[in-house]
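Note: the block below is model06.csv and it holds CSV, C-alpha atoms and all ligand atoms.
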```csv
chain,number,residue,atom,x,y,z
A,1,MET,CA,150.8,41.6,73.5
A,2,LYS,CA,151.0,38.0,74.7
A,3,PHE,CA,148.1,35.7,74.2
A,4,HIS,CA,146.3,36.1,77.5
A,5,THR,CA,146.5,39.9,77.2
A,6,LYS,CA,145.4,39.9,73.6
A,7,ASN,CA,142.6,37.4,74.4
A,8,VAL,CA,141.1,39.8,77.0
A,9,HIS,CA,141.5,43.0,75.0
A,10,PHE,CA,140.3,41.8,71.5
A,11,GLN,CA,137.3,44.1,71.5
A,12,ASP,CA,138.9,47.3,72.7
A,13,LYS,CA,138.7,49.1,69.4
A,14,VAL,CA,135.2,47.9,68.3
A,15,ASP,CA,133.2,50.4,70.4
A,16,THR,CA,131.6,53.3,68.4
A,17,VAL,CA,133.3,52.4,65.1
A,18,GLU,CA,130.1,51.1,63.5
A,19,VAL,CA,127.0,53.2,63.5
A,20,SER,CA,124.4,50.5,64.1
A,21,LYS,CA,120.8,51.0,63.2
A,22,THR,CA,119.6,50.1,66.7
A,23,LYS,CA,121.2,51.1,70.0
A,24,PRO,CA,123.9,48.7,71.0
A,25,ILE,CA,123.7,47.0,74.4
A,26,TYR,CA,126.2,48.6,76.8
A,27,GLN,CA,126.6,45.3,78.6
A,28,THR,CA,129.2,46.8,80.9
A,29,SER,CA,129.5,47.3,84.6
A,30,ALA,CA,131.4,50.6,84.2
A,31,PHE,CA,132.7,53.2,81.7
A,32,SER,CA,136.3,54.2,81.2
A,33,PHE,CA,137.9,57.7,81.3
A,34,THR,CA,140.5,58.9,78.8
A,35,ASP,CA,142.3,60.9,81.5
A,36,LEU,CA,141.7,62.6,84.8
A,37,ASP,CA,140.0,65.6,83.2
A,38,ASP,CA,137.6,63.2,81.5
A,39,MET,CA,136.9,61.7,84.9
A,40,GLU,CA,136.4,65.1,86.5
A,41,ASN,CA,133.9,65.9,83.6
A,42,PHE,CA,131.6,63.1,84.8
A,43,PHE,CA,131.4,64.4,88.3
A,44,GLN,CA,130.8,68.0,86.9
A,45,GLY,CA,127.9,66.6,85.0
A,46,LYS,CA,129.5,67.1,81.6
A,47,LYS,CA,129.8,63.4,80.7
A,48,GLY,CA,127.1,60.8,80.8
A,49,TYR,CA,128.3,57.6,82.3
A,50,MET,CA,130.6,56.2,85.0
A,51,TYR,CA,129.2,53.0,86.6
A,52,THR,CA,126.2,51.0,85.5
A,53,ARG,CA,124.5,50.9,88.9
A,54,VAL,CA,124.5,54.7,88.7
A,55,GLY,CA,123.5,54.9,85.1
A,56,ASN,CA,123.7,53.1,81.8
A,57,PRO,CA,122.5,54.2,78.3
A,58,ASN,CA,120.2,51.2,77.9
A,59,THR,CA,118.4,51.6,81.2
A,60,ASP,CA,118.3,55.4,80.9
A,61,ASP,CA,116.7,55.1,77.4
A,62,LEU,CA,113.9,53.0,78.9
A,63,GLY,CA,113.2,55.5,81.7
A,64,LYS,CA,113.3,58.4,79.2
A,65,GLY,CA,111.1,56.6,76.7
A,66,VAL,CA,108.3,56.0,79.2
A,67,ALA,CA,108.6,59.5,80.6
A,68,ASP,CA,108.1,60.9,77.1
A,69,LEU,CA,105.0,58.8,76.6
A,70,GLU,CA,103.6,59.8,80.0
A,71,GLY,CA,104.3,63.5,79.3
A,72,ALA,CA,106.6,63.6,82.4
A,73,PRO,CA,110.0,65.5,82.3
A,74,VAL,CA,112.1,62.7,83.9
A,75,GLY,CA,112.0,58.9,84.1
A,76,ALA,CA,114.1,56.1,85.5
A,77,ALA,CA,114.1,52.3,85.1
A,78,SER,CA,114.6,49.9,88.0
A,79,ALA,CA,114.9,46.1,88.5
A,80,SER,CA,111.2,45.6,89.1
A,81,GLY,CA,107.8,47.3,89.4
A,82,ILE,CA,108.0,46.9,93.1
A,83,SER,CA,111.5,48.6,93.3
A,84,ALA,CA,110.2,51.5,91.2
A,85,ILE,CA,107.2,51.9,93.6
A,86,LEU,CA,109.6,51.7,96.6
A,87,GLY,CA,111.9,54.4,95.0
A,88,GLY,CA,108.9,56.6,94.4
A,89,VAL,CA,107.4,56.3,97.9
A,90,LEU,CA,110.8,56.9,99.5
A,91,ALA,CA,111.3,60.0,97.3
A,92,VAL,CA,108.3,61.5,99.2
A,93,ALA,CA,108.0,59.7,102.6
A,94,LYS,CA,110.6,59.2,105.3
A,95,ALA,CA,110.5,57.7,108.8
A,96,GLY,CA,107.7,59.3,110.8
A,97,ASP,CA,105.5,60.0,107.7
A,98,HIS,CA,102.2,58.6,106.8
A,99,VAL,CA,100.8,57.4,103.4
A,100,VAL,CA,97.1,56.9,102.5
A,101,ALA,CA,96.8,54.1,99.9
A,102,THR,CA,93.8,52.5,98.1
A,103,GLU,CA,92.8,49.2,99.7
A,104,ASP,CA,92.4,47.4,96.3
A,105,LEU,CA,96.1,47.5,95.6
A,106,TYR,CA,98.0,44.9,93.5
A,107,GLY,CA,99.0,42.1,95.9
A,108,GLY,CA,102.8,42.7,95.7
A,109,THR,CA,102.4,46.4,96.5
A,110,TYR,CA,100.1,45.5,99.4
A,111,GLN,CA,102.9,43.3,100.7
A,112,LEU,CA,105.4,46.1,100.4
A,113,PHE,CA,103.1,48.7,102.0
A,114,ALA,CA,101.7,46.5,104.8
A,115,HIS,CA,104.8,44.6,105.8
A,116,GLU,CA,108.0,46.4,104.6
A,117,LEU,CA,107.4,50.2,104.8
A,118,ALA,CA,106.9,49.9,108.6
A,119,ASP,CA,110.5,48.9,108.9
A,120,PHE,CA,111.4,52.2,107.2
A,121,GLY,CA,109.2,53.9,109.8
A,122,ILE,CA,106.5,54.8,107.3
A,123,GLU,CA,102.9,54.1,108.2
A,124,VAL,CA,100.3,53.3,105.6
A,125,SER,CA,96.5,53.4,105.9
A,126,PHE,CA,94.5,51.5,103.4
A,127,VAL,CA,91.1,53.0,102.5
A,128,ASN,CA,88.4,52.6,99.9
A,129,PHE,CA,89.3,55.2,97.3
A,130,GLU,CA,86.0,54.8,95.6
A,131,ASP,CA,84.5,56.8,98.5
A,132,GLN,CA,86.6,60.0,98.5
A,133,SER,CA,85.3,61.1,101.9
A,134,LYS,CA,87.3,58.0,103.3
A,135,ILE,CA,90.5,59.4,101.8
A,136,LYS,CA,89.9,62.8,103.5
A,137,GLU,CA,89.1,61.1,106.8
A,138,ALA,CA,92.3,59.1,106.7
A,139,ILE,CA,94.6,62.2,106.2
A,140,LYS,CA,96.6,63.0,109.3
A,141,GLU,CA,99.1,65.6,110.4
A,142,ASN,CA,102.0,63.5,109.1
A,143,THR,CA,100.4,62.4,105.9
A,144,VAL,CA,102.6,63.2,102.9
A,145,LEU,CA,101.3,61.0,100.0
A,146,LEU,CA,98.2,59.6,98.4
A,147,TYR,CA,98.8,56.4,96.5
A,148,THR,CA,96.5,54.6,94.1
A,149,GLU,CA,96.3,52.7,90.8
A,150,ALA,CA,94.9,54.0,87.5
A,151,VAL,CA,93.0,50.8,86.9
A,152,THR,CA,92.9,48.3,89.7
A,153,ASN,CA,93.5,44.5,89.8
A,154,PRO,CA,91.5,42.3,89.3
A,155,LEU,CA,88.2,44.2,89.4
A,156,LEU,CA,89.3,46.9,87.0
A,157,ARG,CA,88.0,49.9,88.9
A,158,VAL,CA,89.0,53.1,87.0
A,159,GLU,CA,90.4,55.6,89.5
A,160,ASP,CA,89.1,59.2,89.5
A,161,ILE,CA,92.6,60.5,89.2
A,162,ALA,CA,91.6,64.2,89.0
A,163,GLY,CA,89.5,63.7,92.2
A,164,VAL,CA,92.5,62.3,94.0
A,165,VAL,CA,94.8,65.1,92.8
A,166,LYS,CA,92.2,67.6,94.0
A,167,ILE,CA,92.2,66.2,97.5
A,168,ALA,CA,96.0,66.1,97.6
A,169,ASP,CA,96.3,69.7,96.4
A,170,ASP,CA,93.7,70.8,99.1
A,171,HIS,CA,95.9,69.2,101.8
A,172,GLY,CA,99.3,69.9,100.4
A,173,LEU,CA,100.1,66.3,99.7
A,174,LYS,CA,101.9,64.5,96.8
A,175,THR,CA,100.3,61.9,94.7
A,176,MET,CA,101.6,58.7,93.1
A,177,VAL,CA,99.7,56.4,90.7
A,178,ASP,CA,100.6,52.9,89.4
A,179,ASN,CA,99.7,53.0,85.7
A,180,THR,CA,100.7,49.5,84.9
A,181,PHE,CA,97.3,48.2,83.7
A,182,PRO,CA,96.2,50.9,81.2
A,183,SER,CA,99.8,51.9,80.2
A,184,PRO,CA,100.4,55.4,78.8
A,185,TYR,CA,98.7,54.3,75.6
A,186,LEU,CA,95.3,54.6,77.4
A,187,ILE,CA,95.9,56.9,80.5
A,188,ARG,CA,98.5,59.4,81.4
A,189,PRO,CA,98.2,60.3,85.1
A,190,TYR,CA,101.0,62.8,85.0
A,191,THR,CA,98.9,65.0,82.8
A,192,TYR,CA,96.2,65.1,85.5
A,193,GLY,CA,98.8,66.6,87.9
A,194,VAL,CA,100.0,63.4,89.6
A,195,ASN,CA,103.6,63.9,90.9
A,196,LEU,CA,104.9,60.3,90.3
A,197,VAL,CA,103.8,57.5,88.0
A,198,ALA,CA,105.0,54.0,88.4
A,199,HIS,CA,105.0,51.0,86.1
A,200,SER,CA,105.7,47.3,86.3
A,201,ALA,CA,107.5,47.2,82.9
A,202,THR,CA,107.3,43.5,83.4
A,203,LYS,CA,103.8,43.9,82.0
A,204,TYR,CA,102.7,46.1,79.0
A,205,ILE,CA,105.9,48.2,78.6
A,206,GLY,CA,107.9,45.0,78.0
A,207,GLY,CA,105.0,43.2,76.6
A,208,HIS,CA,106.6,39.8,75.9
A,209,SER,CA,106.8,38.1,79.3
A,210,ASP,CA,110.6,38.0,79.0
A,211,LEU,CA,111.5,40.8,81.3
A,212,SER,CA,111.3,42.0,85.0
A,213,ALA,CA,111.6,45.7,85.2
A,214,GLY,CA,110.1,48.8,86.7
A,215,ILE,CA,109.7,52.5,85.7
A,216,ILE,CA,109.1,55.6,87.7
A,217,VAL,CA,108.5,59.0,86.1
A,218,GLY,CA,107.5,62.3,87.4
A,219,ASP,CA,108.4,65.8,88.8
A,220,LYS,CA,112.1,66.7,88.4
A,221,ASP,CA,112.8,67.2,92.1
A,222,LEU,CA,111.0,64.0,93.2
A,223,MET,CA,112.7,62.0,90.4
A,224,LYS,CA,116.1,63.2,91.6
A,225,LYS,CA,115.3,61.6,94.9
A,226,ALA,CA,113.6,58.5,93.4
A,227,LYS,CA,116.6,57.9,91.2
A,228,SER,CA,119.0,58.2,94.1
A,229,LYS,CA,117.0,55.7,96.1
A,230,ILE,CA,117.1,53.2,93.1
A,231,VAL,CA,120.9,53.7,92.8
A,232,ASN,CA,121.7,53.7,96.5
A,233,LEU,CA,119.5,50.8,97.4
A,234,GLY,CA,121.0,48.8,94.4
A,235,ALA,CA,117.6,48.4,92.6
A,236,ASN,CA,119.1,49.3,89.2
A,237,LEU,CA,118.1,47.5,86.0
A,238,GLY,CA,120.7,45.6,84.0
A,239,PRO,CA,121.7,46.9,80.5
A,240,PHE,CA,120.4,43.9,78.6
A,241,ASP,CA,117.0,44.2,80.4
A,242,GLY,CA,117.0,47.9,79.7
A,243,TRP,CA,117.6,47.1,76.0
A,244,LEU,CA,114.9,44.4,76.0
A,245,GLY,CA,112.4,46.9,77.6
A,246,CYS,CA,113.2,49.4,74.9
A,247,ARG,CA,112.6,46.9,72.2
A,248,GLY,CA,109.2,46.0,73.8
A,249,LEU,CA,108.3,49.6,74.3
A,250,LYS,CA,108.5,50.4,70.6
A,251,THR,CA,105.4,48.2,69.9
A,252,LEU,CA,103.3,49.3,73.0
A,253,SER,CA,100.8,51.2,71.0
A,254,LEU,CA,100.3,48.4,68.4
A,255,ARG,CA,99.9,45.8,71.1
A,256,MET,CA,97.6,47.8,73.2
A,257,GLU,CA,95.4,48.8,70.3
A,258,ARG,CA,94.9,45.1,69.2
A,259,GLN,CA,94.7,43.7,72.8
A,260,SER,CA,92.1,46.3,73.9
A,261,SER,CA,90.1,45.7,70.8
A,262,ASN,CA,90.2,41.9,71.4
A,263,ALA,CA,89.4,42.4,75.1
A,264,GLN,CA,86.3,44.4,74.2
A,265,LYS,CA,85.1,41.7,71.9
A,266,LEU,CA,85.7,39.0,74.4
A,267,ALA,CA,84.0,41.0,77.2
A,268,ASP,CA,81.0,41.6,75.0
A,269,HIS,CA,80.8,38.0,74.1
A,270,LEU,CA,81.1,36.6,77.7
A,271,GLY,CA,78.6,39.2,78.9
A,272,LYS,CA,76.0,37.4,76.8
A,273,GLU,CA,76.6,34.1,78.6
A,274,ALA,CA,73.8,33.9,81.1
A,275,SER,CA,75.3,31.3,83.3
A,276,VAL,CA,78.5,33.3,83.9
A,277,LYS,CA,77.9,35.3,87.1
A,278,LYS,CA,79.6,38.6,86.2
A,279,VAL,CA,82.0,40.1,83.6
A,280,TYR,CA,84.2,42.9,84.7
A,281,TYR,CA,85.4,45.2,81.9
A,282,PRO,CA,85.6,48.9,82.3
A,283,LYS,CA,84.0,51.6,80.2
A,284,GLY,CA,85.2,55.0,79.2
A,285,VAL,CA,88.9,54.4,80.1
A,286,SER,CA,90.1,56.2,76.9
A,287,ALA,CA,88.9,57.0,73.5
A,288,LYS,CA,91.4,54.4,72.2
A,289,GLY,CA,90.0,51.5,74.2
A,290,ASN,CA,89.3,50.1,77.7
A,291,GLY,CA,92.4,47.9,78.3
A,292,ALA,CA,93.3,44.3,77.7
A,293,ILE,CA,92.2,42.7,80.9
A,294,VAL,CA,88.8,41.0,81.3
A,295,THR,CA,87.8,39.5,84.7
A,296,VAL,CA,85.0,37.0,84.9
A,297,ASP,CA,83.3,35.7,88.0
A,298,LEU,CA,82.2,32.2,86.9
A,299,GLY,CA,79.9,31.9,89.9
A,300,GLU,CA,78.3,28.6,90.8
A,301,ASN,CA,77.6,27.1,87.4
A,302,TYR,CA,81.1,26.0,86.4
A,303,ASP,CA,83.7,23.6,87.8
A,304,LEU,CA,86.7,25.8,88.2
A,305,HIS,CA,89.3,23.0,88.0
A,306,ASN,CA,87.8,21.8,84.7
A,307,PHE,CA,87.7,25.4,83.4
A,308,PHE,CA,91.4,25.8,84.0
A,309,ARG,CA,92.1,22.3,82.5
A,310,ASN,CA,90.2,23.1,79.3
A,311,LEU,CA,91.9,26.3,78.1
A,312,ASN,CA,93.7,24.7,75.1
A,313,TRP,CA,96.6,27.0,74.1
A,314,VAL,CA,95.8,29.7,76.8
A,315,LYS,CA,98.3,29.3,79.6
A,316,VAL,CA,97.5,29.6,83.3
A,317,VAL,CA,100.1,32.0,84.7
A,318,PRO,CA,100.6,34.3,87.8
A,319,THR,CA,101.0,37.4,85.6
A,320,LEU,CA,99.5,39.4,82.7
A,321,ALA,CA,100.1,41.6,79.7
A,322,GLY,CA,102.1,39.4,77.2
A,323,VAL,CA,101.3,39.2,73.5
A,324,GLU,CA,99.8,35.7,74.2
A,325,THR,CA,96.4,35.5,75.9
A,326,SER,CA,96.7,34.0,79.4
A,327,VAL,CA,94.6,33.6,82.5
A,328,THR,CA,95.3,34.0,86.2
A,329,TYR,CA,93.5,32.8,89.3
A,330,PRO,CA,93.7,35.9,91.5
A,331,VAL,CA,92.7,34.3,94.8
A,332,GLY,CA,95.5,31.7,94.3
A,333,THR,CA,98.2,34.2,93.2
A,334,SER,CA,98.1,38.0,93.3
A,335,HIS,CA,95.6,38.1,96.2
A,336,ARG,CA,97.1,35.2,98.2
A,337,PRO,CA,98.7,37.7,100.6
A,338,VAL,CA,95.5,39.8,101.0
A,339,PRO,CA,93.5,38.7,104.1
A,340,LYS,CA,90.3,36.8,103.4
A,341,GLU,CA,88.1,39.5,105.0
A,342,THR,CA,89.7,42.2,102.8
A,343,ARG,CA,89.3,40.1,99.7
A,344,GLU,CA,85.7,39.5,100.4
A,345,ARG,CA,85.0,43.1,101.1
A,346,LEU,CA,86.8,44.0,97.8
A,347,GLY,CA,84.7,41.5,96.0
A,348,VAL,CA,87.6,39.2,94.9
A,349,THR,CA,85.9,35.8,94.9
A,350,GLU,CA,87.0,32.2,94.7
A,351,SER,CA,85.3,31.8,91.3
A,352,MET,CA,87.0,34.7,89.7
A,353,VAL,CA,89.3,34.3,86.7
A,354,ARG,CA,91.4,37.2,85.3
A,355,ILE,CA,92.0,37.0,81.5
A,356,SER,CA,94.9,38.9,80.0
A,357,VAL,CA,93.9,39.2,76.3
A,358,GLY,CA,96.7,38.9,73.7
A,359,ILE,CA,97.2,39.9,70.1
A,360,GLU,CA,95.8,36.7,68.5
A,361,ASP,CA,92.6,36.8,66.4
A,362,ALA,CA,89.6,37.7,68.5
A,363,GLU,CA,87.6,34.8,67.0
A,364,ASP,CA,90.2,32.2,68.2
A,365,ILE,CA,90.3,33.7,71.7
A,366,ILE,CA,86.5,33.6,72.0
A,367,GLU,CA,86.5,30.0,70.8
A,368,VAL,CA,88.9,28.9,73.5
A,369,PHE,CA,86.8,30.4,76.2
A,370,ASP,CA,83.6,29.1,74.8
A,371,GLN,CA,85.1,25.6,74.8
A,372,ALA,CA,86.4,25.9,78.3
A,373,LEU,CA,83.0,27.1,79.5
A,374,ALA,CA,81.2,24.3,77.7
A,375,ASN,CA,83.6,21.7,79.1
A,376,SER,CA,83.3,22.9,82.7
A,377,LYS,CA,79.6,23.5,83.0
A,378,LYS,CA,78.1,21.7,86.0
B,1,LIG,C1,103.1,43.3,88.5
B,1,LIG,C2,102.6,44.5,89.1
B,1,LIG,C3,103.4,45.2,90.0
B,1,LIG,C4,104.8,44.7,90.5
B,1,LIG,O1,105.7,44.7,89.5
B,1,LIG,P1,106.9,43.7,89.4
B,1,LIG,O2,107.5,44.0,88.1
B,1,LIG,O3,106.4,42.3,89.5
B,1,LIG,O4,107.8,44.0,90.5
B,1,LIG,C5,103.0,46.4,90.5
B,1,LIG,N1,101.8,46.9,90.2
B,1,LIG,C6,101.0,46.3,89.3
B,1,LIG,C7,99.6,46.8,89.0
B,1,LIG,C8,101.4,45.1,88.7
B,1,LIG,O5,100.6,44.4,87.9
```

Please express the file's structure as structure tokens.
Amino acid sequence: MKFHTKNVHFQDKVDTVEVSKTKPIYQTSAFSFTDLDDMENFFQGKKGYMYTRVGNPNTDDLGKGVADLEGAPVGAASASGISAILGGVLAVAKAGDHVVATEDLYGGTYQLFAHELADFGIEVSFVNFEDQSKIKEAIKENTVLLYTEAVTNPLLRVEDIAGVVKIADDHGLKTMVDNTFPSPYLIRPYTYGVNLVAHSATKYIGGHSDLSAGIIVGDKDLMKKAKSKIVNLGANLGPFDGWLGCRGLKTLSLRMERQSSNAQKLADHLGKEASVKKVYYPKGVSAKGNGAIVTVDLGENYDLHNFFRNLNWVKVVPTLAGVETSVTYPVGTSHRPVPKETRERLGVTESMVRISVGIEDAEDIIEVFDQALANSKK
């Protein structure tokens, strides 16, 4: 070989020679065939991989890993939570179909449902899922799917998943649940009979705020369609991000255990602060805890700008779920696209702060919020 050729082919023999302790990153756009029979084997389903958009060991591992934890037979990873949700919806609904969704949706999902699905010919009605008679009233001839979230943002309403599944079964509909907030550590919607479960793996599955990814798991037949939507719409996750997601996933239970326990302590503490208008923290989510998000409505007694300026090491961010405690201003970020009337009806106020509790020591977390409250009191 001449230099240029050698330079490009230096690694050809490295693959699979070493048995590494962790899975290597298959940072490749495609897989090679030894001969035409080997190529034919792929198309006969006897060989795993051909082209990374269609499948890659690192991204498949992440989908399978979450499916296992959710108790679902099949899972797939995608480039974002939103693309996983889109893949799941398109696995059930096509042009001319109707979806009934909860009105207190995550802002990005609301955008997708309210503004993008119409271009696919799919109509969505948003109703208050807390009142199940409203769900039944919204069901029409062409309804195919009920869509909700296991725990909602930012008010942390815990969905009656069994109740939603019952309505769907009575009307011959499919169900899909976004399980991002509780993660499978706390709630496993598939075990209630939900057909598809979606995640923004950008949040607790990844857990370190260094990844954008999505997961969809569920029934075999629906997952075949969801996976083909992800592949054919080009919403696949890259190998490195799949690997990173797997690394995060390994510590999900440890993180959720600590974060839920810290959140419970913070919620109990803030609940005792008489000048804070209201603390939202759910009860009875799971025997293992109630999740890592605490939402506080500061009400009239605090200067919001000073509160956000006095959070010491707690960062102000437009997201949640990392190992570090962070805060979000929902009206300024996640609920910016939600119309003001809807926001007010939902109870998402201008004095609301959403806290994503991390893995630090509970005492230190409590101290930061005590100081921010003391420094922003009017
Ligand atoms: C973040 C989030 C999404 C969207 O996920 P991306 O990874 O940002 O695409 C969907 N649902 C919920 C509940 C989320 O928190």

Residue nearest ligand LIG 1 (chain B) among A:Ile215, A:Ala118, A:Leu146, A:Leu298 (counting all atoms listed in the file)
A:Ile215

Near-ligand residues for ligand LIG 1 (chain B), threshold 6 Å, all atoms listed in the file, as a PyMOL selection string:
chain A and resi 80-82+106+108+180-181+200+202+212-214

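Separating atom CA of Leu156 of chain A from atom CA of Glu130 of chain A is a distance of 12.1 Å.
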
Residues within 10 Å of segment 55-67 of chain A, please, as number ranges by chain. Count all atoms listed in the file; anything in the same chain fewer than 2 positions from it doesn't count.
A: 23-31, 48-53, 69-79, 183-184, 190, 197-199, 201, 205, 213-218, 227, 231, 236-250

Quick one: residues within 7 Å of segment 164-174 of chain A, all atoms listed in the file, excluding same-chain residues fewer than 6 positions away - as a short mmCIF file (atom, residue, chain, number, x, y, z; two decimals) with C-alpha atoms, in the coordinates of the input?
```cif
data_model
loop_
_atom_site.label_atom_id
_atom_site.label_comp_id
_atom_site.auth_asym_id
_atom_site.auth_seq_id
_atom_site.Cartn_x
_atom_site.Cartn_y
_atom_site.Cartn_z
CA VAL A 144 102.60 63.20 102.90
CA LEU A 145 101.30 61.00 100.00
CA LEU A 146 98.20 59.60 98.40
CA GLY A 193 98.80 66.60 87.90
CA VAL A 194 100.00 63.40 89.60
CA ASN A 195 103.60 63.90 90.90
#
```

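Between atom CA of Gln259 of chain A and atom CA of Ile359 of chain A lies a distance of 5.3 Å.
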